[in-house]
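Contents: one structure, followed by commentary.
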Amino acid sequence: MAKKQRTEGAAKRDLTKICAFWSLAIAIVLFVVQLILNATIGADLGKFANLCTIIATIMLGIAIAFPAWAYACAKGKGWRIVCIILLVLYFVLAICGNIKLG
């Protein structure tokens, strides 16, 4: 029986699946830790809560970045430029939008 060869497209889909799975898992762990600490301590966790939210948001952004890029590449150069702009905006806003001042 011939050995089945893996295509480049299959390798990219595997990377997307791996990133999506682990990003989701890490984000859930961070949300649960934040929830448990907030419930047991009963106080505002301040910077730790901000850090957990930022990390979880970035991890989920990584999970959506790969399929979004694959979609944009299939559409053409203009779509790739739009995708880059959207991804940069997402990550900047994910960090800046979760920082609480004061």
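Each chain in the structure tokens gets a letter, A, B, ..., in the order shown, and its residues are numbered from 1; ligands are numbered from 1 in order too.
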
* Asked: If you count only C-alpha atoms, which residues fall within 12 Å of Ile85 (chain A), apart from same-chain ones fewer than 4 positions away, as a list in words?
  -> Ala65, Ala68, Trp69, Ala72, Gly78, Trp79, Arg80, Ile81, Leu89, Tyr90, Phe91 and Val92 of chain A

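Rounded to one decimal, CA of Leu93 (chain A) and CA of Ile26 (chain A) lie 19.9 Å from each other.
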
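Take CA of Leu51 (chain A) and CA of Asn38 (chain A): the distance between them is 13.7 Å.
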
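Nearest residue to Pro67 (chain A), choosing from A:Cys83, A:Ile41, A:Ile28, A:Cys52 and counting only C-alpha atoms: A:Cys83.
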
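Proximity of A:Ile54, A:Ala94, A:Val88, A:Ile64 to Ala27 (chain A), computed with only C-alpha atoms, is greatest for A:Ile54.
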
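If you measure from each of A:Ala39, A:Leu87, A:Ala49, A:Leu60 to Ala25 (chain A) using only C-alpha atoms, the closest one turns out to be A:Leu60.
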
* Could you work out how far CA of Leu37 (chain A) lies from CA of Ile62 (chain A), giving the answer in Å with one decimal? -> 25.7 Å
